Amino acid sequence: MAVLPAVLSMVAVTYVRDIDASRAFYELLGFREQRAGRAETSAWSSLEQGEQLILLTSTRPPLVIPPLPLLFYFFFDDVEGILAILAEAGIDVTRLGQAPHALGGEAKVTDPDGNTVLLGQREPSATRAGGSRGEDVSRFSLLREAAALVAARGTPGQACQVGAADGQPCELTAEVRLADSAGVTVWACLGHAEEVLVTVPGAFVASDDDHGIARFIARRGG
């Protein structure tokens with residue numbers, strides 16, 4: 001069998017409406033312009049970070065390209081550091097929790113052309129905003145205890161109601177019930193339950209037993 005030639009590099013190319021605005025956005029992600037060119041009907045900018053390359057190009061009149069659901073996925077060694085830079089620059093950031101492929105965290109932003117850009121960190125950090133790894137383990141242990149209580153009652157017997165980040169339904173069995181301060185409840189598998197608790201302020205594990213606030217008030221004669 002013949003040996004295939006090796007790929008030496010890959011350049012990500014995207015058409016943009018405004019070279020300057022797009023260059024400023026990707027510079028926030030650590031890229032720097034190395035070469036550029038402009039003509040009457042076109043412009044381009046080549047940006048690099050280490051061995052990673054992005055080529056921005058535009059035409060006049062601009063090409064009609066509908067926004068895509070995903071343009072780039074960047075993995076960083078410190079995703080929280082990048083998110084802090086983006087937030088300081090006024091870029092809206094949506095945190096997506098910790099996915100199996102991004103144990104250190106995952107988030108999405110929108111580039112100047114309206115395309116979704118995902119940012120992730122493959123490995124968990126020793127310390128993250130919102131808690132340490134030890135706190136993560138403790139939280140997951142509590143979820144397992146709650147799931148064991150649910151299993152002992154023989155409920156709920158339904159699929160997880162929390163979908164994946166790409167909108168696909170979760171096929172795992174729900175093991176715990178979560179709630180928030182607005183009274184919204186949802187059944188979730190352990191993985192998605194942990195993601196909800198990390199991402200949604202005020203979310204908590206809901207209990208169906210009689211040890212809640214109502215029983216406490218009843219004991220006080222309220």
# chains A, B, ... in the order shown; residues from 1 in each chain; ligands from 1
call {"tool": "residues_around", "arguments": {"residues": "Glu40 of chain A", "least_positions_apart": "5", "cutoff": "12 Å", "atoms": "only C-alpha atoms", "output": "ChimeraX atom specification"}}
result
/A:58-61
call {"tool": "write_last_selection", "arguments": {"atoms": "N, CA and C atoms", "output": "mmCIF file, in the first residue's frame"}}
result
data_model
loop_
_atom_site.group_PDB
_atom_site.id
_atom_site.type_symbol
_atom_site.label_atom_id
_atom_site.label_comp_id
_atom_site.auth_asym_id
_atom_site.auth_seq_id
_atom_site.Cartn_x
_atom_site.Cartn_y
_atom_site.Cartn_z
ATOM 1 N N SER A 58 -12.227 39.452 1.918
ATOM 2 C CA SER A 58 -13.487 40.118 1.609
ATOM 3 C C SER A 58 -13.470 40.592 0.173
ATOM 4 N N THR A 59 -14.656 40.795 -0.381
ATOM 5 C CA THR A 59 -14.784 41.250 -1.757
ATOM 6 C C THR A 59 -15.759 42.425 -1.823
ATOM 7 N N ARG A 60 -15.662 43.194 -2.892
ATOM 8 C CA ARG A 60 -16.598 44.283 -3.144
ATOM 9 C C ARG A 60 -17.147 44.144 -4.557
ATOM 10 N N PRO A 61 -18.474 43.995 -4.696
ATOM 11 C CA PRO A 61 -19.463 43.897 -3.616
ATOM 12 C C PRO A 61 -19.273 42.613 -2.823
#
call {"tool": "residues_around", "arguments": {"residues": "segment 202-204 of chain A", "least_positions_apart": "5", "cutoff": "6 Å", "atoms": "only C-alpha atoms", "output": "tab-separated table (two decimals) with C-alpha atoms, in the first residue's frame"}}
result
chain	number	residue	atom	x	y	z
A	178	LEU	CA	-33.28	19.79	39.36
A	179	ALA	CA	-35.06	23.05	40.10
A	180	ASP	CA	-34.33	26.77	40.20
A	197	LEU	CA	-25.59	23.11	38.49
call {"tool": "closest_residue", "arguments": {"among": "A:Gln158, A:Gln52, A:Ser22, A:Gln121", "to": "Gly81 of chain A", "atoms": "only C-alpha atoms"}}
result
A:Gln121
call {"tool": "atom_distance", "arguments": {"atom1": "atom CA of Leu8 of chain A", "atom2": "atom CA of Leu29 of chain A"}}
result
23.3 Å
call {"tool": "atom_distance", "arguments": {"atom1": "atom CA of Ile65 of chain A", "atom2": "atom CA of Arg35 of chain A"}}
result
24.6 Å
call {"tool": "residues_around", "arguments": {"residues": "Pro112 of chain A", "least_positions_apart": "6", "cutoff": "9 Å", "atoms": "only C-alpha atoms", "output": "list in words"}}
result
Val16, Arg17, Asp18, Ala21, Ser22 and Phe25 of chain A
call {"tool": "write_last_selection", "arguments": {"atoms": "C-alpha atoms", "output": "PDB file, in the first residue's frame"}}
result
ATOM      1  CA  VAL A  16     -15.956  38.516   6.039  1.00  0.00           C
ATOM      2  CA  ARG A  17     -17.767  41.810   5.464  1.00  0.00           C
ATOM      3  CA  ASP A  18     -15.246  44.020   7.274  1.00  0.00           C
ATOM      4  CA  ALA A  21     -13.557  44.425  12.439  1.00  0.00           C
ATOM      5  CA  SER A  22     -12.874  40.716  11.948  1.00  0.00           C
ATOM      6  CA  PHE A  25     -12.075  40.107  16.897  1.00  0.00           C
TER       7      PHE A  25
END
call {"tool": "closest_residue", "arguments": {"among": "A:Val7, A:Ala36, A:Val109, A:Ala193", "to": "Gly163 of chain A", "atoms": "only C-alpha atoms"}}
result
A:Ala193
call {"tool": "select_by_dssp", "arguments": {"residues": "segment 53-86 of chain A", "states": "alpha helix (DSSP H)", "output": "ChimeraX atom specification"}}
result
/A:79-86
call {"tool": "select_by_dssp", "arguments": {"residues": "segment 3-210 of chain A", "states": "strand (DSSP E or B)", "output": "ChimeraX atom specification"}}
result
/A:11-15,32-38,42-49,52-59,72-75,94-99,102-110,116-121,127-128,131-132,159,173,176-179,185-188,204-205
call {"tool": "write_last_selection", "arguments": {"atoms": "C-alpha atoms", "output": "mmCIF file, in the first residue's frame"}}
result
data_model
loop_
_atom_site.group_PDB
_atom_site.id
_atom_site.type_symbol
_atom_site.label_atom_id
_atom_site.label_comp_id
_atom_site.auth_asym_id
_atom_site.auth_seq_id
_atom_site.Cartn_x
_atom_site.Cartn_y
_atom_site.Cartn_z
ATOM 1 C CA VAL A 11 -5.203 27.289 6.768
ATOM 2 C CA ALA A 12 -8.736 28.183 7.868
ATOM 3 C CA VAL A 13 -10.230 30.649 5.371
ATOM 4 C CA THR A 14 -13.382 32.694 5.907
ATOM 5 C CA TYR A 15 -15.065 35.463 3.942
ATOM 6 C CA ARG A 32 -1.757 38.544 15.038
ATOM 7 C CA GLU A 33 -1.709 39.798 11.466
ATOM 8 C CA GLN A 34 1.443 38.732 9.621
ATOM 9 C CA ARG A 35 0.606 39.657 6.033
ATOM 10 C CA ALA A 36 -2.195 41.605 4.349
ATOM 11 C CA GLY A 37 -3.220 42.977 0.997
ATOM 12 C CA ARG A 38 -5.844 45.332 -0.382
ATOM 13 C CA SER A 42 -10.888 42.740 -2.516
ATOM 14 C CA ALA A 43 -8.838 42.563 0.676
ATOM 15 C CA TRP A 44 -7.192 39.838 2.740
ATOM 16 C CA SER A 45 -5.444 39.425 6.076
ATOM 17 C CA SER A 46 -3.377 36.448 7.239
ATOM 18 C CA LEU A 47 -3.298 35.996 11.025
ATOM 19 C CA GLU A 48 -1.195 33.546 13.009
ATOM 20 C CA GLN A 49 -0.838 32.217 16.529
ATOM 21 C CA GLN A 52 -2.392 28.084 13.687
ATOM 22 C CA LEU A 53 -3.376 30.246 10.705
ATOM 23 C CA ILE A 54 -6.542 32.107 9.749
ATOM 24 C CA LEU A 55 -7.045 33.877 6.424
ATOM 25 C CA LEU A 56 -9.691 36.610 6.322
ATOM 26 C CA THR A 57 -10.831 37.745 2.909
ATOM 27 C CA SER A 58 -13.487 40.118 1.609
ATOM 28 C CA THR A 59 -14.784 41.250 -1.757
ATOM 29 C CA PHE A 72 -14.401 27.684 14.131
ATOM 30 C CA TYR A 73 -13.735 25.662 17.270
ATOM 31 C CA PHE A 74 -10.684 26.836 19.229
ATOM 32 C CA PHE A 75 -9.116 24.804 22.037
ATOM 33 C CA THR A 94 -22.387 32.067 26.605
ATOM 34 C CA ARG A 95 -20.957 29.399 28.884
ATOM 35 C CA LEU A 96 -21.846 25.823 27.939
ATOM 36 C CA GLY A 97 -20.437 23.979 30.948
ATOM 37 C CA GLN A 98 -18.025 21.046 30.769
ATOM 38 C CA ALA A 99 -18.497 18.697 27.819
ATOM 39 C CA ALA A 102 -13.899 20.081 26.895
ATOM 40 C CA LEU A 103 -13.465 19.101 30.534
ATOM 41 C CA GLY A 104 -11.917 22.485 31.317
ATOM 42 C CA GLY A 105 -15.002 24.322 30.075
ATOM 43 C CA GLU A 106 -16.695 25.350 26.870
ATOM 44 C CA ALA A 107 -18.279 28.610 25.686
ATOM 45 C CA LYS A 108 -19.593 30.197 22.518
ATOM 46 C CA VAL A 109 -19.284 33.691 21.089
ATOM 47 C CA THR A 110 -20.384 35.350 17.857
ATOM 48 C CA THR A 116 -20.859 31.017 16.066
ATOM 49 C CA VAL A 117 -17.339 30.388 17.371
ATOM 50 C CA LEU A 118 -16.833 27.756 20.065
ATOM 51 C CA LEU A 119 -14.031 27.981 22.633
ATOM 52 C CA GLY A 120 -12.975 25.040 24.760
ATOM 53 C CA GLN A 121 -10.325 23.559 27.004
ATOM 54 C CA THR A 127 -8.821 25.688 39.668
ATOM 55 C CA ARG A 128 -11.715 27.145 37.748
ATOM 56 C CA GLY A 131 -15.038 26.047 42.085
ATOM 57 C CA SER A 132 -12.052 23.743 42.359
ATOM 58 C CA ALA A 159 -35.199 10.115 29.381
ATOM 59 C CA THR A 173 -32.043 7.924 31.509
ATOM 60 C CA VAL A 176 -32.127 13.329 39.392
ATOM 61 C CA ARG A 177 -34.584 16.218 39.392
ATOM 62 C CA LEU A 178 -33.282 19.787 39.357
ATOM 63 C CA ALA A 179 -35.062 23.048 40.098
ATOM 64 C CA THR A 185 -37.923 21.727 37.279
ATOM 65 C CA VAL A 186 -36.282 19.242 34.948
ATOM 66 C CA TRP A 187 -35.214 15.607 35.087
ATOM 67 C CA ALA A 188 -31.605 15.052 34.022
ATOM 68 C CA PHE A 204 -30.300 22.946 42.955
ATOM 69 C CA VAL A 205 -31.195 19.280 43.364
#
call {"tool": "residues_around", "arguments": {"residues": "Gly191 of chain A", "least_positions_apart": "5", "cutoff": "10 Å", "atoms": "only C-alpha atoms", "output": "PyMOL selection string"}}
result
chain A and resi 98-100+140+143+160+162+172+174-175+196
call {"tool": "write_last_selection", "arguments": {"atoms": "N, CA and C atoms", "output": "PDB file, in the first residue's frame"}}
result
ATOM      1  N   GLN A  98     -19.157  21.928  31.055  1.00  0.00           N
ATOM      2  CA  GLN A  98     -18.025  21.046  30.769  1.00  0.00           C
ATOM      3  C   GLN A  98     -18.517  19.854  29.945  1.00  0.00           C
ATOM      4  N   ALA A  99     -18.148  19.816  28.689  1.00  0.00           N
ATOM      5  CA  ALA A  99     -18.497  18.697  27.819  1.00  0.00           C
ATOM      6  C   ALA A  99     -17.410  17.635  27.898  1.00  0.00           C
ATOM      7  N   PRO A 100     -17.691  16.384  27.489  1.00  0.00           N
ATOM      8  CA  PRO A 100     -16.666  15.334  27.529  1.00  0.00           C
ATOM      9  C   PRO A 100     -15.405  15.699  26.751  1.00  0.00           C
ATOM     10  N   PHE A 140     -20.501  16.105  42.384  1.00  0.00           N
ATOM     11  CA  PHE A 140     -20.920  14.913  41.650  1.00  0.00           C
ATOM     12  C   PHE A 140     -21.264  13.780  42.606  1.00  0.00           C
ATOM     13  N   LEU A 143     -24.701  14.339  43.754  1.00  0.00           N
ATOM     14  CA  LEU A 143     -25.643  13.965  42.703  1.00  0.00           C
ATOM     15  C   LEU A 143     -25.868  12.456  42.689  1.00  0.00           C
ATOM     16  N   CYS A 160     -33.537  11.762  29.921  1.00  0.00           N
ATOM     17  CA  CYS A 160     -33.044  13.065  30.353  1.00  0.00           C
ATOM     18  C   CYS A 160     -33.709  14.156  29.520  1.00  0.00           C
ATOM     19  N   VAL A 162     -32.640  17.296  29.348  1.00  0.00           N
ATOM     20  CA  VAL A 162     -31.667  18.325  28.993  1.00  0.00           C
ATOM     21  C   VAL A 162     -30.967  17.914  27.706  1.00  0.00           C
ATOM     22  N   LEU A 172     -29.791   9.390  27.459  1.00  0.00           N
ATOM     23  CA  LEU A 172     -29.577   8.732  28.739  1.00  0.00           C
ATOM     24  C   LEU A 172     -30.814   8.833  29.620  1.00  0.00           C
ATOM     25  N   ALA A 174     -32.919   9.724  32.878  1.00  0.00           N
ATOM     26  CA  ALA A 174     -32.858  10.741  33.923  1.00  0.00           C
ATOM     27  C   ALA A 174     -32.670  10.077  35.284  1.00  0.00           C
ATOM     28  N   GLU A 175     -31.833  10.695  36.131  1.00  0.00           N
ATOM     29  CA  GLU A 175     -31.548  10.109  37.439  1.00  0.00           C
ATOM     30  C   GLU A 175     -31.838  11.048  38.597  1.00  0.00           C
ATOM     31  N   VAL A 196     -25.815  21.655  34.518  1.00  0.00           N
ATOM     32  CA  VAL A 196     -26.815  22.646  34.909  1.00  0.00           C
ATOM     33  C   VAL A 196     -26.417  23.322  36.220  1.00  0.00           C
TER      34      VAL A 196
END
call {"tool": "closest_residue", "arguments": {"among": "A:Pro124, A:Ala206, A:Met1, A:Asp78", "to": "Gly183 of chain A", "atoms": "only C-alpha atoms"}}
result
A:Ala206
call {"tool": "atom_distance", "arguments": {"atom1": "atom CA of Leu63 of chain A", "atom2": "atom CA of Thr41 of chain A"}}
result
11.5 Å
call {"tool": "decode", "arguments": {"residues": "segment 151-197 of chain A", "atoms": "N, CA and C atoms", "output": "PDB file, in the first residue's frame"}}
result
ATOM      1  N   ALA A 151     -33.609   6.237  42.637  1.00  0.00           N
ATOM      2  CA  ALA A 151     -33.685   4.852  42.182  1.00  0.00           C
ATOM      3  C   ALA A 151     -34.394   3.972  43.206  1.00  0.00           C
ATOM      4  N   ALA A 152     -34.187   4.266  44.482  1.00  0.00           N
ATOM      5  CA  ALA A 152     -34.834   3.475  45.536  1.00  0.00           C
ATOM      6  C   ALA A 152     -36.356   3.623  45.501  1.00  0.00           C
ATOM      7  N   ARG A 153     -36.844   4.798  45.009  1.00  0.00           N
ATOM      8  CA  ARG A 153     -38.287   5.014  44.914  1.00  0.00           C
ATOM      9  C   ARG A 153     -38.860   4.483  43.598  1.00  0.00           C
ATOM     10  N   GLY A 154     -37.971   4.090  42.680  1.00  0.00           N
ATOM     11  CA  GLY A 154     -38.430   3.574  41.403  1.00  0.00           C
ATOM     12  C   GLY A 154     -38.891   4.636  40.429  1.00  0.00           C
ATOM     13  N   THR A 155     -38.387   5.841  40.547  1.00  0.00           N
ATOM     14  CA  THR A 155     -38.764   6.926  39.635  1.00  0.00           C
ATOM     15  C   THR A 155     -37.505   7.511  39.003  1.00  0.00           C
ATOM     16  N   PRO A 156     -37.593   8.239  37.872  1.00  0.00           N
ATOM     17  CA  PRO A 156     -38.800   8.649  37.159  1.00  0.00           C
ATOM     18  C   PRO A 156     -39.133   7.769  35.960  1.00  0.00           C
ATOM     19  N   GLY A 157     -38.157   6.943  35.475  1.00  0.00           N
ATOM     20  CA  GLY A 157     -38.415   6.082  34.327  1.00  0.00           C
ATOM     21  C   GLY A 157     -38.592   6.852  33.031  1.00  0.00           C
ATOM     22  N   GLN A 158     -37.819   7.915  32.820  1.00  0.00           N
ATOM     23  CA  GLN A 158     -37.926   8.702  31.597  1.00  0.00           C
ATOM     24  C   GLN A 158     -36.543   9.153  31.161  1.00  0.00           C
ATOM     25  N   ALA A 159     -36.481   9.669  29.922  1.00  0.00           N
ATOM     26  CA  ALA A 159     -35.199  10.115  29.381  1.00  0.00           C
ATOM     27  C   ALA A 159     -34.819  11.465  29.957  1.00  0.00           C
ATOM     28  N   CYS A 160     -33.537  11.762  29.921  1.00  0.00           N
ATOM     29  CA  CYS A 160     -33.044  13.065  30.353  1.00  0.00           C
ATOM     30  C   CYS A 160     -33.709  14.156  29.520  1.00  0.00           C
ATOM     31  N   GLN A 161     -34.172  15.211  30.188  1.00  0.00           N
ATOM     32  CA  GLN A 161     -34.863  16.299  29.506  1.00  0.00           C
ATOM     33  C   GLN A 161     -33.929  17.448  29.106  1.00  0.00           C
ATOM     34  N   VAL A 162     -32.640  17.296  29.348  1.00  0.00           N
ATOM     35  CA  VAL A 162     -31.667  18.325  28.993  1.00  0.00           C
ATOM     36  C   VAL A 162     -30.967  17.914  27.706  1.00  0.00           C
ATOM     37  N   GLY A 163     -31.085  18.720  26.671  1.00  0.00           N
ATOM     38  CA  GLY A 163     -30.458  18.396  25.398  1.00  0.00           C
ATOM     39  C   GLY A 163     -28.988  18.772  25.378  1.00  0.00           C
ATOM     40  N   ALA A 164     -28.293  18.313  24.353  1.00  0.00           N
ATOM     41  CA  ALA A 164     -26.880  18.645  24.180  1.00  0.00           C
ATOM     42  C   ALA A 164     -26.738  20.064  23.674  1.00  0.00           C
ATOM     43  N   ALA A 165     -25.506  20.581  23.665  1.00  0.00           N
ATOM     44  CA  ALA A 165     -25.248  21.955  23.231  1.00  0.00           C
ATOM     45  C   ALA A 165     -25.635  22.171  21.774  1.00  0.00           C
ATOM     46  N   ASP A 166     -25.610  21.103  20.951  1.00  0.00           N
ATOM     47  CA  ASP A 166     -25.963  21.240  19.532  1.00  0.00           C
ATOM     48  C   ASP A 166     -27.448  21.046  19.272  1.00  0.00           C
ATOM     49  N   GLY A 167     -28.240  20.920  20.359  1.00  0.00           N
ATOM     50  CA  GLY A 167     -29.683  20.797  20.204  1.00  0.00           C
ATOM     51  C   GLY A 167     -30.193  19.372  20.118  1.00  0.00           C
ATOM     52  N   GLN A 168     -29.285  18.396  20.059  1.00  0.00           N
ATOM     53  CA  GLN A 168     -29.705  17.007  19.990  1.00  0.00           C
ATOM     54  C   GLN A 168     -30.210  16.524  21.354  1.00  0.00           C
ATOM     55  N   PRO A 169     -31.265  15.703  21.383  1.00  0.00           N
ATOM     56  CA  PRO A 169     -31.774  15.207  22.675  1.00  0.00           C
ATOM     57  C   PRO A 169     -30.803  14.238  23.327  1.00  0.00           C
ATOM     58  N   CYS A 170     -30.823  14.192  24.647  1.00  0.00           N
ATOM     59  CA  CYS A 170     -29.992  13.246  25.387  1.00  0.00           C
ATOM     60  C   CYS A 170     -30.719  11.913  25.461  1.00  0.00           C
ATOM     61  N   GLU A 171     -30.022  10.835  25.178  1.00  0.00           N
ATOM     62  CA  GLU A 171     -30.637   9.510  25.161  1.00  0.00           C
ATOM     63  C   GLU A 171     -30.468   8.763  26.481  1.00  0.00           C
ATOM     64  N   LEU A 172     -29.791   9.390  27.459  1.00  0.00           N
ATOM     65  CA  LEU A 172     -29.577   8.732  28.739  1.00  0.00           C
ATOM     66  C   LEU A 172     -30.814   8.833  29.620  1.00  0.00           C
ATOM     67  N   THR A 173     -30.919   7.927  30.580  1.00  0.00           N
ATOM     68  CA  THR A 173     -32.043   7.924  31.509  1.00  0.00           C
ATOM     69  C   THR A 173     -31.848   8.999  32.571  1.00  0.00           C
ATOM     70  N   ALA A 174     -32.919   9.724  32.878  1.00  0.00           N
ATOM     71  CA  ALA A 174     -32.858  10.741  33.923  1.00  0.00           C
ATOM     72  C   ALA A 174     -32.670  10.077  35.284  1.00  0.00           C
ATOM     73  N   GLU A 175     -31.833  10.695  36.131  1.00  0.00           N
ATOM     74  CA  GLU A 175     -31.548  10.109  37.439  1.00  0.00           C
ATOM     75  C   GLU A 175     -31.838  11.048  38.597  1.00  0.00           C
ATOM     76  N   VAL A 176     -31.844  12.364  38.326  1.00  0.00           N
ATOM     77  CA  VAL A 176     -32.127  13.329  39.392  1.00  0.00           C
ATOM     78  C   VAL A 176     -33.034  14.433  38.851  1.00  0.00           C
ATOM     79  N   ARG A 177     -33.731  15.100  39.781  1.00  0.00           N
ATOM     80  CA  ARG A 177     -34.584  16.218  39.392  1.00  0.00           C
ATOM     81  C   ARG A 177     -33.960  17.507  39.896  1.00  0.00           C
ATOM     82  N   LEU A 178     -33.854  18.495  39.012  1.00  0.00           N
ATOM     83  CA  LEU A 178     -33.282  19.787  39.357  1.00  0.00           C
ATOM     84  C   LEU A 178     -34.372  20.847  39.351  1.00  0.00           C
ATOM     85  N   ALA A 179     -34.123  21.927  40.063  1.00  0.00           N
ATOM     86  CA  ALA A 179     -35.062  23.048  40.098  1.00  0.00           C
ATOM     87  C   ALA A 179     -34.279  24.345  40.231  1.00  0.00           C
ATOM     88  N   ASP A 180     -34.953  25.467  39.971  1.00  0.00           N
ATOM     89  CA  ASP A 180     -34.334  26.769  40.197  1.00  0.00           C
ATOM     90  C   ASP A 180     -35.274  27.646  41.013  1.00  0.00           C
ATOM     91  N   SER A 181     -34.825  28.851  41.316  1.00  0.00           N
ATOM     92  CA  SER A 181     -35.594  29.732  42.189  1.00  0.00           C
ATOM     93  C   SER A 181     -36.902  30.192  41.555  1.00  0.00           C
ATOM     94  N   ALA A 182     -37.042  30.028  40.234  1.00  0.00           N
ATOM     95  CA  ALA A 182     -38.276  30.409  39.554  1.00  0.00           C
ATOM     96  C   ALA A 182     -39.311  29.296  39.572  1.00  0.00           C
ATOM     97  N   GLY A 183     -38.942  28.142  40.129  1.00  0.00           N
ATOM     98  CA  GLY A 183     -39.874  27.026  40.198  1.00  0.00           C
ATOM     99  C   GLY A 183     -39.834  26.093  39.011  1.00  0.00           C
ATOM    100  N   VAL A 184     -38.906  26.311  38.084  1.00  0.00           N
ATOM    101  CA  VAL A 184     -38.764  25.431  36.923  1.00  0.00           C
ATOM    102  C   VAL A 184     -38.036  24.166  37.347  1.00  0.00           C
ATOM    103  N   THR A 185     -38.560  23.000  36.947  1.00  0.00           N
ATOM    104  CA  THR A 185     -37.923  21.727  37.279  1.00  0.00           C
ATOM    105  C   THR A 185     -37.626  20.942  36.009  1.00  0.00           C
ATOM    106  N   VAL A 186     -36.646  20.070  36.089  1.00  0.00           N
ATOM    107  CA  VAL A 186     -36.282  19.242  34.948  1.00  0.00           C
ATOM    108  C   VAL A 186     -35.611  17.976  35.457  1.00  0.00           C
ATOM    109  N   TRP A 187     -35.898  16.856  34.791  1.00  0.00           N
ATOM    110  CA  TRP A 187     -35.214  15.607  35.087  1.00  0.00           C
ATOM    111  C   TRP A 187     -33.979  15.507  34.204  1.00  0.00           C
ATOM    112  N   ALA A 188     -32.863  15.066  34.782  1.00  0.00           N
ATOM    113  CA  ALA A 188     -31.605  15.052  34.022  1.00  0.00           C
ATOM    114  C   ALA A 188     -30.753  13.848  34.384  1.00  0.00           C
ATOM    115  N   CYS A 189     -29.909  13.438  33.430  1.00  0.00           N
ATOM    116  CA  CYS A 189     -28.887  12.436  33.731  1.00  0.00           C
ATOM    117  C   CYS A 189     -27.819  13.106  34.588  1.00  0.00           C
ATOM    118  N   LEU A 190     -26.925  12.325  35.170  1.00  0.00           N
ATOM    119  CA  LEU A 190     -25.926  12.905  36.071  1.00  0.00           C
ATOM    120  C   LEU A 190     -25.007  13.897  35.365  1.00  0.00           C
ATOM    121  N   GLY A 191     -24.607  13.576  34.144  1.00  0.00           N
ATOM    122  CA  GLY A 191     -23.710  14.471  33.419  1.00  0.00           C
ATOM    123  C   GLY A 191     -24.338  15.823  33.155  1.00  0.00           C
ATOM    124  N   HIS A 192     -25.571  15.821  32.657  1.00  0.00           N
ATOM    125  CA  HIS A 192     -26.248  17.087  32.382  1.00  0.00           C
ATOM    126  C   HIS A 192     -26.671  17.784  33.672  1.00  0.00           C
ATOM    127  N   ALA A 193     -26.945  17.008  34.716  1.00  0.00           N
ATOM    128  CA  ALA A 193     -27.285  17.629  35.998  1.00  0.00           C
ATOM    129  C   ALA A 193     -26.103  18.430  36.526  1.00  0.00           C
ATOM    130  N   GLU A 194     -24.903  17.877  36.418  1.00  0.00           N
ATOM    131  CA  GLU A 194     -23.715  18.612  36.870  1.00  0.00           C
ATOM    132  C   GLU A 194     -23.517  19.871  36.025  1.00  0.00           C
ATOM    133  N   GLU A 195     -23.742  19.755  34.707  1.00  0.00           N
ATOM    134  CA  GLU A 195     -23.586  20.909  33.825  1.00  0.00           C
ATOM    135  C   GLU A 195     -24.562  22.024  34.205  1.00  0.00           C
ATOM    136  N   VAL A 196     -25.815  21.655  34.518  1.00  0.00           N
ATOM    137  CA  VAL A 196     -26.815  22.646  34.909  1.00  0.00           C
ATOM    138  C   VAL A 196     -26.417  23.322  36.220  1.00  0.00           C
ATOM    139  N   LEU A 197     -25.962  22.537  37.190  1.00  0.00           N
ATOM    140  CA  LEU A 197     -25.590  23.107  38.485  1.00  0.00           C
ATOM    141  C   LEU A 197     -24.401  24.058  38.367  1.00  0.00           C
TER     142      LEU A 197
END
